[in-house]
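The file model32.txt contains compact mmCIF, C-alpha atoms and all ligand atoms:
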# COMPACT_ATOMS: atom_id res chain seq x y z
CA MET W 1 -8.09 -7.39 19.51
CA GLU W 2 -10.44 -6.89 16.59
CA ILE W 3 -8.75 -9.17 14.04
CA GLU W 4 -7.41 -11.80 16.43
CA GLY W 5 -6.09 -14.85 14.57
CA LYS W 6 -6.69 -13.42 11.08
CA ILE W 7 -3.94 -13.94 8.49
CA ALA W 8 -2.68 -10.87 6.64
CA VAL W 9 -0.23 -10.35 3.79
CA VAL W 10 1.43 -6.91 3.60
CA THR W 11 3.58 -5.95 0.60
CA GLY W 12 6.33 -3.34 0.69
CA ALA W 13 6.54 -4.15 4.40
CA GLY W 14 10.27 -3.54 4.86
CA ARG W 15 9.96 0.12 5.74
CA GLY W 16 7.65 3.15 5.73
CA MET W 17 3.91 2.61 5.63
CA GLY W 18 4.16 -1.14 4.98
CA ARG W 19 6.13 -1.65 8.17
CA ALA W 20 3.75 0.54 10.21
CA ILE W 21 0.71 -1.27 8.74
CA SER W 22 2.25 -4.67 9.61
CA LEU W 23 2.82 -3.59 13.21
CA GLN W 24 -0.68 -2.15 13.67
CA LEU W 25 -2.34 -5.24 12.17
CA ALA W 26 -0.22 -7.33 14.54
CA GLU W 27 -1.33 -5.17 17.48
CA ALA W 28 -4.92 -5.80 16.35
CA GLY W 29 -4.24 -9.56 16.60
CA ALA W 30 -3.29 -10.68 13.07
CA ASN W 31 -0.48 -13.03 12.11
CA ILE W 32 1.35 -11.61 9.12
CA ALA W 33 3.27 -12.66 6.02
CA VAL W 34 5.41 -9.58 5.42
CA SER W 35 6.79 -9.16 1.92
CA ASP W 36 9.24 -6.78 0.26
CA ILE W 37 11.75 -6.76 -2.57
CA ASN W 38 14.37 -6.00 0.10
CA ALA W 39 15.03 -9.30 1.93
CA ASP W 40 16.96 -7.76 4.85
CA SER W 41 14.46 -5.06 5.76
CA VAL W 42 11.49 -7.41 5.58
CA GLU W 43 13.24 -9.84 7.90
CA GLU W 44 13.52 -6.98 10.42
CA THR W 45 9.80 -6.25 10.10
CA ALA W 46 9.00 -9.94 10.71
CA THR W 47 11.14 -9.81 13.86
CA ALA W 48 9.27 -6.68 15.04
CA VAL W 49 5.88 -8.39 14.43
CA LYS W 50 7.02 -11.42 16.43
CA ALA W 51 8.12 -9.11 19.26
CA LEU W 52 4.45 -8.09 19.52
CA GLY W 53 3.57 -11.73 20.22
CA ARG W 54 2.19 -12.60 16.77
CA GLU W 55 3.45 -15.05 14.16
CA SER W 56 5.23 -13.68 11.12
CA LEU W 57 6.93 -14.94 7.98
CA ALA W 58 9.27 -12.82 5.85
CA VAL W 59 8.67 -13.44 2.14
CA PRO W 60 11.00 -11.53 -0.18
CA ALA W 61 9.18 -10.86 -3.48
CA ASP W 62 9.19 -8.38 -6.35
CA MET W 63 5.60 -7.22 -6.82
CA GLY W 64 6.35 -6.42 -10.45
CA ASP W 65 6.82 -10.14 -11.23
CA ILE W 66 3.69 -12.30 -11.28
CA SER W 67 5.58 -15.55 -10.62
CA GLN W 68 6.99 -13.97 -7.44
CA ILE W 69 3.51 -12.78 -6.41
CA ASP W 70 2.28 -16.37 -6.83
CA ARG W 71 5.17 -17.64 -4.73
CA MET W 72 4.44 -15.04 -2.02
CA ILE W 73 0.78 -16.07 -1.83
CA ALA W 74 1.67 -19.80 -1.84
CA GLN W 75 4.23 -19.34 0.95
CA ALA W 76 1.76 -17.37 3.06
CA ARG W 77 -0.93 -20.04 2.60
CA GLU W 78 1.51 -22.86 3.36
CA ALA W 79 2.77 -21.15 6.52
CA PHE W 80 -0.59 -20.02 7.94
CA GLY W 81 -3.20 -22.17 6.14
CA ARG W 82 -5.24 -19.25 4.78
CA ILE W 83 -5.26 -15.57 3.82
CA ASP W 84 -7.91 -13.19 5.21
CA ILE W 85 -6.42 -9.78 4.47
CA ILE W 86 -3.99 -8.38 1.89
CA VAL W 87 -2.58 -4.87 1.96
CA ASN W 88 -1.13 -4.03 -1.46
CA ASN W 89 1.22 -1.29 -0.31
CA ALA W 90 4.45 -1.74 -2.36
CA GLY W 91 4.97 1.22 -4.65
CA VAL W 92 7.72 3.21 -6.37
CA THR W 93 8.16 6.66 -7.86
CA LYS W 94 10.78 9.10 -9.07
CA PHE W 95 10.51 12.90 -8.97
CA LEU W 96 10.24 13.99 -12.63
CA ASP W 97 8.65 16.76 -14.64
CA ILE W 98 6.16 15.45 -17.18
CA MET W 99 8.51 16.38 -20.05
CA ASP W 100 11.32 14.26 -18.57
CA VAL W 101 9.41 10.98 -18.07
CA LEU W 102 10.97 8.22 -20.20
CA GLU W 103 9.37 4.98 -21.32
CA GLU W 104 11.52 3.09 -18.80
CA ASP W 105 10.23 5.33 -15.97
CA TRP W 106 6.64 4.63 -17.01
CA ASP W 107 7.30 0.86 -17.17
CA GLN W 108 9.17 0.74 -13.87
CA ILE W 109 6.42 2.59 -12.02
CA HIS W 110 3.46 0.82 -13.61
CA ARG W 111 4.82 -2.70 -13.23
CA VAL W 112 4.81 -2.33 -9.44
CA ASN W 113 2.11 0.27 -8.71
CA ALA W 114 -0.54 -0.90 -11.18
CA LYS W 115 0.30 -4.46 -12.30
CA GLY W 116 1.61 -5.49 -8.89
CA VAL W 117 -1.47 -4.23 -7.05
CA PHE W 118 -3.81 -5.84 -9.61
CA PHE W 119 -2.26 -9.30 -9.43
CA GLY W 120 -1.65 -9.10 -5.68
CA MET W 121 -5.36 -8.45 -5.34
CA GLN W 122 -6.41 -11.16 -7.83
CA ARG W 123 -4.13 -13.87 -6.43
CA ALA W 124 -5.16 -13.17 -2.80
CA ALA W 125 -8.83 -13.11 -3.86
CA ARG W 126 -8.42 -16.62 -5.34
CA GLU W 127 -7.47 -17.90 -1.90
CA MET W 128 -10.28 -15.97 -0.21
CA ILE W 129 -12.87 -17.30 -2.68
CA ASP W 130 -11.68 -20.91 -2.11
CA GLN W 131 -11.84 -20.41 1.66
CA ARG W 132 -15.48 -19.22 1.41
CA SER W 133 -15.22 -16.91 4.40
CA GLY W 134 -14.79 -13.53 2.76
CA GLY W 135 -11.80 -11.27 3.10
CA ARG W 136 -10.44 -7.75 3.05
CA ILE W 137 -8.32 -6.18 0.33
CA ILE W 138 -6.74 -2.81 1.04
CA ASN W 139 -4.87 -1.05 -1.76
CA ILE W 140 -2.56 1.87 -1.07
CA ALA W 141 -3.18 4.48 -3.76
CA SER W 142 -2.43 8.21 -3.30
CA ILE W 143 -4.11 11.59 -3.53
CA ALA W 144 -1.92 11.83 -6.67
CA GLY W 145 -4.54 9.55 -8.26
CA LYS W 146 -7.19 12.20 -7.57
CA GLY W 147 -5.40 15.04 -9.30
CA TYR W 148 -3.39 16.47 -6.39
CA SER W 149 -0.89 18.82 -8.05
CA GLY W 150 1.98 18.20 -5.62
CA THR W 151 2.58 14.68 -6.93
CA SER W 152 6.06 13.36 -7.82
CA ASN W 153 5.21 12.78 -11.49
CA ALA W 154 2.39 12.28 -13.97
CA ALA W 155 3.17 8.60 -14.66
CA TYR W 156 3.00 7.90 -10.92
CA ALA W 157 -0.32 9.76 -10.69
CA ALA W 158 -1.65 7.61 -13.55
CA SER W 159 -0.58 4.43 -11.75
CA LYS W 160 -2.46 5.53 -8.63
CA GLY W 161 -5.53 6.44 -10.69
CA ALA W 162 -5.35 2.86 -11.97
CA VAL W 163 -5.37 1.59 -8.38
CA LEU W 164 -8.51 3.61 -7.64
CA SER W 165 -10.31 2.26 -10.74
CA MET W 166 -9.36 -1.36 -10.12
CA THR W 167 -10.40 -1.03 -6.46
CA MET W 168 -13.94 -0.04 -7.48
CA ILE W 169 -14.37 -2.75 -10.13
CA ALA W 170 -12.85 -5.41 -7.87
CA ALA W 171 -15.23 -4.32 -5.09
CA HIS W 172 -18.18 -4.82 -7.46
CA GLN W 173 -17.00 -8.22 -8.69
CA LEU W 174 -15.79 -9.65 -5.37
CA ALA W 175 -18.69 -8.48 -3.18
CA ARG W 176 -20.61 -11.69 -3.92
CA TYR W 177 -17.81 -13.62 -2.17
CA GLY W 178 -17.90 -11.41 0.90
CA ILE W 179 -14.62 -9.73 -0.03
CA ASN W 180 -14.45 -5.99 0.68
CA VAL W 181 -12.01 -3.96 -1.41
CA ASN W 182 -11.00 -0.43 -0.43
CA ALA W 183 -8.18 2.00 -1.09
CA ILE W 184 -6.30 4.48 1.07
CA CYS W 185 -5.01 7.70 -0.49
CA PRO W 186 -2.14 9.04 1.59
CA GLY W 187 -1.08 12.65 1.28
CA SER W 188 2.47 13.79 2.11
CA THR W 189 3.89 11.11 4.39
CA LEU W 190 7.17 11.06 6.29
CA THR W 191 8.87 8.02 4.78
CA ALA W 192 11.98 7.41 2.68
CA MET W 193 9.85 7.84 -0.46
CA GLY W 194 8.54 11.16 0.83
CA ALA W 195 12.10 12.31 1.59
CA GLU W 196 13.37 11.26 -1.86
CA THR W 197 10.57 13.21 -3.55
CA MET W 198 11.38 16.24 -1.42
CA ALA W 199 15.09 15.99 -2.34
CA GLY W 200 14.16 15.81 -6.04
CA ARG W 201 11.94 18.86 -5.69
CA ALA W 202 14.74 20.77 -3.93
CA ALA W 203 17.24 19.86 -6.66
CA THR W 204 15.00 21.20 -9.43
CA SER W 205 13.42 24.22 -7.69
CA GLY W 206 16.50 25.72 -6.06
CA ALA W 207 14.65 25.97 -2.71
CA SER W 208 16.09 24.28 0.37
CA ILE W 209 14.45 21.17 1.82
CA GLU W 210 13.59 23.18 4.94
CA GLU W 211 11.81 25.85 2.86
CA LEU W 212 9.94 23.19 0.92
CA GLU W 213 8.88 21.43 4.12
CA GLN W 214 7.52 24.71 5.52
CA ALA W 215 5.60 25.33 2.28
CA ARG W 216 4.26 21.75 2.36
CA ASP W 217 3.01 22.09 5.92
CA ALA W 218 1.43 25.48 5.17
CA ARG W 219 -0.62 23.88 2.34
CA ILE W 220 -2.02 21.17 4.63
CA PRO W 221 -5.16 22.41 6.44
CA ILE W 222 -4.30 20.42 9.59
CA GLY W 223 -0.73 21.72 9.30
CA ARG W 224 1.26 18.50 9.49
CA PRO W 225 2.24 15.68 7.11
CA ASN W 226 1.32 12.07 7.89
CA ASP W 227 3.42 9.74 9.93
CA PRO W 228 3.26 6.20 8.49
CA GLU W 229 1.16 5.33 11.56
CA ASP W 230 -1.66 7.59 10.29
CA ILE W 231 -2.01 5.36 7.23
CA ALA W 232 -1.67 2.21 9.33
CA ALA W 233 -4.56 3.33 11.56
CA MET W 234 -6.86 3.52 8.52
CA ALA W 235 -5.66 0.12 7.26
CA ARG W 236 -6.37 -1.37 10.70
CA PHE W 237 -9.89 0.04 10.62
CA LEU W 238 -10.55 -1.24 7.08
CA ALA W 239 -9.30 -4.72 8.07
CA GLY W 240 -11.57 -4.87 11.11
CA PRO W 241 -15.25 -5.51 11.93
CA GLY W 242 -16.14 -1.80 11.89
CA ALA W 243 -15.61 -1.76 8.11
CA ARG W 244 -17.80 -4.78 7.31
CA ASN W 245 -20.25 -2.68 5.27
CA ILE W 246 -17.67 -0.55 3.46
CA THR W 247 -16.44 -1.49 -0.02
CA GLY W 248 -15.29 0.21 -3.22
CA GLN W 249 -14.24 3.36 -1.36
CA SER W 250 -11.03 5.37 -1.22
CA PHE W 251 -10.13 7.27 1.91
CA ASN W 252 -7.87 10.31 1.89
CA VAL W 253 -5.51 10.44 4.84
CA ASP W 254 -3.83 13.74 4.13
CA GLY W 255 -4.54 16.39 6.77
CA GLY W 256 -7.25 17.82 4.50
CA LEU W 257 -5.19 18.45 1.34
CA VAL W 258 -7.94 16.98 -0.84
CA MET W 259 -11.55 17.35 0.31
CA HIS W 260 -14.58 15.88 -1.43
N1 LIG W 301 5.35 8.74 1.12
C1 LIG W 301 4.36 9.40 0.57
O1 LIG W 301 4.30 10.64 0.69
C2 LIG W 301 3.25 8.69 -0.16
C3 LIG W 301 2.12 9.42 -0.52
C4 LIG W 301 1.08 8.78 -1.16
C5 LIG W 301 1.15 7.42 -1.44
N2 LIG W 301 2.27 6.72 -1.10
C6 LIG W 301 2.26 5.28 -1.40
O2 LIG W 301 2.34 4.55 -0.20
C7 LIG W 301 2.99 3.30 -0.42
C8 LIG W 301 4.14 3.12 0.56
O3 LIG W 301 5.03 4.20 0.36
P1 LIG W 301 6.20 4.60 1.40
O4 LIG W 301 6.20 6.06 1.45
O5 LIG W 301 6.11 3.78 2.63
O6 LIG W 301 7.45 4.15 0.50
P2 LIG W 301 8.91 3.59 0.86
O7 LIG W 301 9.71 3.78 -0.38
O8 LIG W 301 9.39 4.21 2.11
O9 LIG W 301 8.64 2.04 1.11
C9 LIG W 301 8.21 1.24 0.04
C10 LIG W 301 8.62 -0.20 0.28
O10 LIG W 301 8.24 -0.94 -0.90
C11 LIG W 301 9.31 -1.78 -1.27
N3 LIG W 301 9.28 -2.04 -2.71
C12 LIG W 301 9.69 -1.23 -3.71
N4 LIG W 301 9.57 -1.86 -4.88
C13 LIG W 301 9.07 -3.08 -4.63
C14 LIG W 301 8.73 -4.19 -5.44
N5 LIG W 301 8.92 -4.18 -6.77
N6 LIG W 301 8.24 -5.30 -4.83
C15 LIG W 301 8.08 -5.35 -3.49
N7 LIG W 301 8.40 -4.33 -2.67
C16 LIG W 301 8.89 -3.21 -3.24
C17 LIG W 301 10.56 -1.02 -0.86
O11 LIG W 301 11.68 -1.90 -0.73
C18 LIG W 301 10.13 -0.38 0.44
O12 LIG W 301 10.40 -1.22 1.55
C19 LIG W 301 3.41 3.30 -1.89
O13 LIG W 301 2.46 2.63 -2.68
C20 LIG W 301 3.42 4.78 -2.23
O14 LIG W 301 3.23 5.01 -3.61
C21 LIG W 301 3.32 7.32 -0.47

Step by step, read the file and then write its structure as structure tokens.
Ligand SMILES: NC(=O)c1ccc[n+]([C@@H]2O[C@H](COP(=O)([O-])OP(=O)(O)OC[C@H]3O[C@@H](n4cnc5c(N)ncnc54)[C@H](O)[C@@H]3O)[C@@H](O)[C@H]2O)c1
Amino acid sequence: MEIEGKIAVVTGAGRGMGRAISLQLAEAGANIAVSDINADSVEETATAVKALGRESLAVPADMGDISQIDRMIAQAREAFGRIDIIVNNAGVTKFLDIMDVLEEDWDQIHRVNAKGVFFGMQRAAREMIDQRSGGRIINIASIAGKGYSGTSNAAYAASKGAVLSMTMIAAHQLARYGINVNAICPGSTLTAMGAETMAGRAATSGASIEELEQARDARIPIGRPNDPEDIAAMARFLAGPGARNITGQSFNVDGGLVMH
């Protein structure tokens, strides 16, 4: 187990990628503070982590609220004594054409996807700096932040571009403390968010969900969308010893949709 005994915090851990990441980090040996705005679902994830033989604490928190981020970090430190890894995964979107994005949509998306990731990263880094034994920060961005045209909306794409920028600058400024900061850019992924985006696309295009799914798969060079576990496998690698000399990078996990 490559991260045996390490302490991880995973946000947006109640379902989808956050849940899969929590389970794979647990399989790799970590004990995990799982956090989500949804108190019931995150409790279920904590139970699933414990079933793998690791310790887990469910911490309900809204990643758009800095006082709740501080509480999440404090609770994780109190429960486990330290924080070695944070995966800033919580994110939101809404399928909208650029001409239909309202100020409230922009604010709702950016408070979680950009502000939440920034302060999740900063507050976890404070703990890691005090501990003086380095750390790993993994931010979940999106290929939307790299200009992929199939994104749910332009404001969402901007929030993910912000995650990519802050990942690089944080990697520069935290390297001296032995903290590695990287991002993962998922492509189309089979989660509730992915399904909601698909339903929104069907409602506006007139095509059926089945037709849209076939078109999606045809665009992906490997021919299949991600399961949440595909993202979790990359997070597990970035949290582990094999990634000790990797920082400031963003990794597309997308079946080849974006190549560079
Ligand atoms: N599904 C995709 O196709 C896709 C593609 C690229 C990137 N992403 C990104 O991956 C990440 C995970 O997405 P997913 O598909 O698993 O989504 P999801 O909607 O299935 O799960 C997201 C989780 O985050 C939680 N959450 C929402 N708002 C929150 C808040 N304010 N504070 C704390 N938790 C909150 C939700 O309750 C939910 O449990 C997101 O950052 C998303 O933008 C998703």

Using all atoms listed in the file, what are the residues with an atom within 6 Å of ligand LIG 301 (chain W), set out as a ChimeraX atom specification? /W:12-18,36-38,61-64,89-92,112,140-142,186-194

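Minimum atom-to-atom distances from W:Glu2, W:Glu127, W:Asp40, W:Glu213 to Ala76 of chain W were compared using all atoms listed in the file, and the lowest value belongs to W:Glu127.
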
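The closest residue to Gly248 of chain W, picked from W:Thr197, W:Ser165, W:Ser159, W:Gln122 and counting all atoms listed in the file, is W:Ser165.
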
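Going from atom CA of Val181 of chain W over to atom CA of Gly120 of chain W, you cover 12.3 Å.
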
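The spacing separating atom CA of Glu229 of chain W from atom CA of Ala20 of chain W amounts to 5.6 Å.
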
Compare W:Ile246, W:Leu257, W:Ile32, W:Glu196 by their minimum atom-to-atom distance to Pro225 of chain W, counting only C-alpha atoms, and give me the closest one. W:Leu257

Which residues, written as a VMD selection string, have at least one atom at most 10 Å from Lys6 of chain W, with all atoms listed in the file counted and residues fewer than 6 positions away on the same chain left out? chain W and resid 25 to 26 28 to 32 80 82 to 85 135 239 to 240
